[in-house]
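Asker: Input structure_31.txt, format and content: compact mmCIF, N, CA and C atoms.
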# COMPACT_ATOMS: atom_id res chain seq x y z
N SER W 79 147.57 109.44 14.75
CA SER W 79 146.75 108.24 14.63
C SER W 79 146.42 107.72 16.02
N PHE W 80 145.42 106.88 16.09
CA PHE W 80 144.98 106.34 17.37
C PHE W 80 145.81 105.13 17.73
N THR W 81 146.02 104.95 19.01
CA THR W 81 146.70 103.75 19.47
C THR W 81 145.67 102.70 19.82
N SER W 82 146.08 101.46 19.87
CA SER W 82 145.14 100.40 20.22
C SER W 82 144.60 100.60 21.64
N LYS W 83 145.40 101.21 22.52
CA LYS W 83 144.94 101.46 23.88
C LYS W 83 143.79 102.46 23.88
N GLN W 84 143.86 103.50 23.03
CA GLN W 84 142.79 104.48 22.97
C GLN W 84 141.52 103.87 22.40
N CYS W 85 141.64 102.88 21.56
CA CYS W 85 140.49 102.25 20.91
C CYS W 85 140.25 100.87 21.48
N GLU W 86 140.51 100.71 22.76
CA GLU W 86 140.33 99.42 23.40
C GLU W 86 138.91 98.94 23.17
N GLY W 87 138.76 97.73 22.84
CA GLY W 87 137.48 97.20 22.43
C GLY W 87 137.44 97.10 20.93
N GLY W 88 138.10 98.04 20.26
CA GLY W 88 138.43 97.99 18.85
C GLY W 88 137.33 97.70 17.86
N SER W 89 136.07 97.85 18.19
CA SER W 89 135.02 97.51 17.25
C SER W 89 135.05 98.39 16.01
N PHE W 90 135.75 99.52 16.07
CA PHE W 90 135.80 100.42 14.92
C PHE W 90 137.20 100.48 14.33
N MET W 91 138.04 99.50 14.70
CA MET W 91 139.38 99.41 14.13
C MET W 91 139.32 98.46 12.95
N SER W 92 139.96 98.84 11.86
CA SER W 92 140.02 98.00 10.68
C SER W 92 141.44 98.09 10.13
N GLY W 93 142.16 97.01 10.17
CA GLY W 93 143.53 97.00 9.67
C GLY W 93 144.43 97.99 10.38
N GLY W 94 144.19 98.23 11.68
CA GLY W 94 145.01 99.16 12.44
C GLY W 94 144.59 100.61 12.30
N GLN W 95 143.57 100.87 11.50
CA GLN W 95 143.08 102.23 11.30
C GLN W 95 141.69 102.35 11.92
N PHE W 96 141.38 103.54 12.40
CA PHE W 96 140.06 103.80 12.97
C PHE W 96 139.07 103.94 11.83
N ASP W 97 137.97 103.21 11.86
CA ASP W 97 136.97 103.22 10.79
C ASP W 97 135.86 104.20 11.13
N PHE W 98 135.97 105.42 10.60
CA PHE W 98 135.00 106.46 10.92
C PHE W 98 133.64 106.20 10.28
N SER W 99 133.60 105.44 9.18
CA SER W 99 132.30 105.15 8.57
C SER W 99 131.45 104.26 9.48
N LEU W 100 132.09 103.29 10.14
CA LEU W 100 131.34 102.47 11.10
C LEU W 100 130.90 103.28 12.30
N LEU W 101 131.74 104.19 12.72
CA LEU W 101 131.39 105.06 13.83
C LEU W 101 130.18 105.91 13.47
N ALA W 102 130.15 106.44 12.26
CA ALA W 102 129.04 107.28 11.80
C ALA W 102 127.74 106.48 11.75
N GLU W 103 127.83 105.22 11.42
CA GLU W 103 126.63 104.37 11.34
C GLU W 103 126.09 103.99 12.71
N ASN W 104 126.94 103.98 13.71
CA ASN W 104 126.54 103.43 15.00
C ASN W 104 126.35 104.43 16.13
N LEU W 105 127.00 105.57 16.06
CA LEU W 105 126.84 106.57 17.13
C LEU W 105 125.45 107.18 17.08
N PRO W 106 124.91 107.55 18.24
CA PRO W 106 123.64 108.29 18.23
C PRO W 106 123.84 109.68 17.61
N PRO W 107 122.77 110.34 17.16
CA PRO W 107 122.92 111.64 16.52
C PRO W 107 123.44 112.74 17.44
N ILE W 108 123.17 112.62 18.74
CA ILE W 108 123.66 113.58 19.73
C ILE W 108 124.53 112.82 20.73
N ILE W 109 125.74 113.33 20.95
CA ILE W 109 126.66 112.72 21.91
C ILE W 109 126.79 113.68 23.08
N TRP W 110 126.34 113.23 24.24
CA TRP W 110 126.40 114.05 25.46
C TRP W 110 127.78 113.90 26.07
N ARG W 111 128.42 115.02 26.37
CA ARG W 111 129.75 114.97 26.96
C ARG W 111 129.74 114.28 28.32
N HIS W 112 128.70 114.48 29.12
CA HIS W 112 128.69 113.85 30.45
C HIS W 112 128.62 112.32 30.36
N ARG W 113 128.26 111.79 29.18
CA ARG W 113 128.23 110.34 28.98
C ARG W 113 129.42 109.86 28.14
N TRP W 114 130.39 110.73 27.92
CA TRP W 114 131.49 110.41 27.00
C TRP W 114 132.22 109.12 27.37
N ASN W 115 132.59 108.95 28.62
CA ASN W 115 133.38 107.77 28.99
C ASN W 115 132.60 106.49 28.73
N GLU W 116 131.31 106.50 28.98
CA GLU W 116 130.46 105.34 28.69
C GLU W 116 130.42 105.06 27.19
N LEU W 117 130.24 106.12 26.40
CA LEU W 117 130.20 105.96 24.94
C LEU W 117 131.56 105.58 24.38
N ALA W 118 132.62 106.10 24.99
CA ALA W 118 133.97 105.76 24.55
C ALA W 118 134.22 104.26 24.71
N GLU W 119 133.77 103.72 25.83
CA GLU W 119 133.94 102.29 26.07
C GLU W 119 133.09 101.47 25.10
N LYS W 120 131.88 101.89 24.87
CA LYS W 120 130.96 101.15 24.00
C LYS W 120 131.37 101.21 22.54
N TYR W 121 131.79 102.38 22.06
CA TYR W 121 132.06 102.59 20.64
C TYR W 121 133.54 102.71 20.29
N GLY W 122 134.40 102.65 21.28
CA GLY W 122 135.83 102.75 21.01
C GLY W 122 136.31 104.16 20.73
N LEU W 123 135.58 105.16 21.24
CA LEU W 123 135.99 106.55 21.04
C LEU W 123 137.28 106.83 21.79
N PRO W 124 138.15 107.65 21.21
CA PRO W 124 139.40 107.98 21.90
C PRO W 124 139.17 109.04 22.98
N TYR W 125 140.15 109.20 23.83
CA TYR W 125 140.19 110.27 24.82
C TYR W 125 139.24 110.02 25.98
N LYS W 126 139.39 110.80 27.00
CA LYS W 126 138.54 110.76 28.19
C LYS W 126 137.73 112.06 28.25
N ARG W 127 136.66 112.01 29.00
CA ARG W 127 135.79 113.18 29.12
C ARG W 127 136.55 114.41 29.61
N GLY W 128 137.40 114.24 30.59
CA GLY W 128 138.17 115.37 31.13
C GLY W 128 139.06 116.02 30.08
N TYR W 129 139.63 115.22 29.19
CA TYR W 129 140.46 115.75 28.12
C TYR W 129 139.61 116.61 27.18
N LEU W 130 138.41 116.13 26.85
CA LEU W 130 137.50 116.93 26.01
C LEU W 130 137.11 118.23 26.70
N GLN W 131 136.88 118.16 28.00
CA GLN W 131 136.55 119.37 28.75
C GLN W 131 137.69 120.37 28.66
N ASN W 132 138.92 119.89 28.80
CA ASN W 132 140.08 120.78 28.70
C ASN W 132 140.18 121.38 27.30
N LEU W 133 140.01 120.56 26.28
CA LEU W 133 140.07 121.08 24.91
C LEU W 133 138.96 122.11 24.66
N ASP W 134 137.77 121.84 25.17
CA ASP W 134 136.66 122.79 25.02
C ASP W 134 137.01 124.13 25.67
N SER W 135 137.61 124.08 26.84
CA SER W 135 137.94 125.33 27.53
C SER W 135 138.99 126.13 26.78
N LEU W 136 139.81 125.45 25.99
CA LEU W 136 140.83 126.12 25.18
C LEU W 136 140.31 126.51 23.79
N GLY W 137 139.07 126.11 23.49
CA GLY W 137 138.50 126.37 22.18
C GLY W 137 139.01 125.44 21.10
N CYS W 138 139.56 124.30 21.51
CA CYS W 138 140.14 123.34 20.56
C CYS W 138 139.30 122.08 20.38
N GLY W 139 138.22 121.96 21.10
CA GLY W 139 137.41 120.75 21.04
C GLY W 139 136.45 120.75 19.88
N PRO W 140 135.63 119.72 19.79
CA PRO W 140 134.62 119.66 18.73
C PRO W 140 133.60 120.78 18.91
N LYS W 141 132.93 121.14 17.83
CA LYS W 141 131.86 122.13 17.91
C LYS W 141 130.81 121.61 18.89
N LYS W 142 130.49 122.43 19.88
CA LYS W 142 129.58 121.98 20.92
C LYS W 142 128.29 122.78 20.90
N MET W 143 127.29 122.21 21.54
CA MET W 143 126.02 122.90 21.76
C MET W 143 125.61 122.66 23.20
N ILE W 144 124.80 123.53 23.71
CA ILE W 144 124.28 123.36 25.06
C ILE W 144 122.80 123.02 24.94
N LEU W 145 122.46 121.84 25.41
CA LEU W 145 121.09 121.35 25.40
C LEU W 145 120.70 120.96 26.82
N LYS W 146 119.62 121.52 27.30
CA LYS W 146 119.16 121.21 28.66
C LYS W 146 120.26 121.47 29.68
N GLY W 147 121.08 122.49 29.44
CA GLY W 147 122.13 122.87 30.37
C GLY W 147 123.37 121.98 30.34
N ARG W 148 123.46 121.08 29.35
CA ARG W 148 124.60 120.18 29.26
C ARG W 148 125.26 120.32 27.90
N ILE W 149 126.55 120.02 27.86
CA ILE W 149 127.30 120.08 26.62
C ILE W 149 127.03 118.83 25.80
N ALA W 150 126.80 119.04 24.50
CA ALA W 150 126.58 117.93 23.58
C ALA W 150 127.28 118.24 22.26
N TYR W 151 127.52 117.19 21.50
CA TYR W 151 128.13 117.31 20.18
C TYR W 151 127.23 116.58 19.18
N SER W 152 127.10 117.13 17.99
CA SER W 152 126.40 116.38 16.95
C SER W 152 127.35 115.30 16.45
N ARG W 153 126.80 114.20 16.05
CA ARG W 153 127.61 113.09 15.54
C ARG W 153 128.52 113.56 14.39
N ASP W 154 127.95 114.29 13.42
CA ASP W 154 128.73 114.71 12.26
C ASP W 154 129.85 115.67 12.65
N ASP W 155 129.56 116.63 13.54
CA ASP W 155 130.60 117.56 13.99
C ASP W 155 131.69 116.84 14.76
N LEU W 156 131.30 115.88 15.59
CA LEU W 156 132.28 115.13 16.37
C LEU W 156 133.19 114.31 15.47
N ILE W 157 132.62 113.62 14.51
CA ILE W 157 133.43 112.78 13.61
C ILE W 157 134.37 113.65 12.78
N ALA W 158 133.87 114.77 12.28
CA ALA W 158 134.73 115.69 11.51
C ALA W 158 135.89 116.17 12.38
N TRP W 159 135.60 116.51 13.64
CA TRP W 159 136.66 116.97 14.54
C TRP W 159 137.65 115.84 14.82
N LEU W 160 137.15 114.62 15.07
CA LEU W 160 138.05 113.49 15.33
C LEU W 160 138.99 113.25 14.16
N ILE W 161 138.47 113.33 12.95
CA ILE W 161 139.30 113.13 11.76
C ILE W 161 140.38 114.20 11.69
N ASN W 162 139.99 115.46 11.84
CA ASN W 162 140.95 116.55 11.76
C ASN W 162 141.93 116.54 12.93
N PHE W 163 141.43 116.29 14.13
CA PHE W 163 142.28 116.31 15.32
C PHE W 163 143.29 115.17 15.28
N SER W 164 142.84 113.99 14.85
CA SER W 164 143.76 112.84 14.80
C SER W 164 144.79 113.03 13.69
N ALA W 165 144.43 113.71 12.62
CA ALA W 165 145.37 113.94 11.52
C ALA W 165 146.45 114.94 11.94
N SER W 166 146.11 115.86 12.84
CA SER W 166 147.08 116.85 13.26
C SER W 166 147.94 116.39 14.42
N ALA W 167 147.58 115.26 15.02
CA ALA W 167 148.34 114.74 16.19
C ALA W 167 149.61 114.06 15.76
How does the structure come out when it is put into structure tokens?
Answerer:
Amino acid sequence: SFTSKQCEGGSFMSGGQFDFSLLAENLPPIIWRHRWNELAEKYGLPYKRGYLQNLDSLGCGPKKMILKGRIAYSRDDLIAWLINFSASA
């Protein structure tokens, strides 16, 4: 589960739980990894960009795509990965 520190700003916290439905309604359809820290602060996403980079290099990160030479995640793939990854933590 997520800690309050990881979800600082807490706009997607509900009763101590991360509210993925609100996240799905508010995130843009494409999440650029190079903007992850900015989006994490704005939307309360867990983890830091460097951690995602490490997970990607190990093949453990969210399903990624390369657009315009940069790594991106679809909103739906990212949310599915967050749900599964947080459940296994």
Asker: If we count all atoms listed in the file, what is near Ala150 (chain W) at a cut-off of 8 Å, once residues fewer than 2 positions away on the same chain are taken out, given as a ChimeraX atom specification?
Answerer: /W:108-112,140-145,147-148,152-153
Asker: Could you check how far CA of Asp134 (chain W) sits from CA of Ile149 (chain W), in Å to one decimal?
Answerer: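 Atom-to-atom, CA of Asp134 (chain W) and CA of Ile149 (chain W) are spaced 9.9 Å apart.
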Asker: As an exercise, work out the distance from atom C of Arg113 (chain W) to atom N of Arg127 (chain W) in Å and give it to one decimal place.
Answerer: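 Computing it gives 7.6 Å between the two atoms.
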Asker: So how far away is atom C of Asn115 (chain W) from CA of Cys138 (chain W), in Å?
Answerer: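 Computing the Euclidean distance for CA of Cys138 (chain W) and atom C of Asn115 (chain W) yields 20.2 Å.
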Asker: Name the closest residue to Asp154 (chain W) among the candidates W:Gly137, W:Gln131, W:Pro107, W:Leu100; distances are taken between atoms, counting only C-alpha atoms.
Answerer: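 Closest to Asp154 (chain W) of all the choices is W:Pro107.
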Asker: Give me the residues within 7 Å of Gly139 (chain W) as a list in words, counting all atoms listed in the file and dropping any in the same chain fewer than 4 places off.
Answerer: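 My list of contacting residues is Leu130, Asn132, Leu133, Asp134, Ser135 and Trp159 of chain W.
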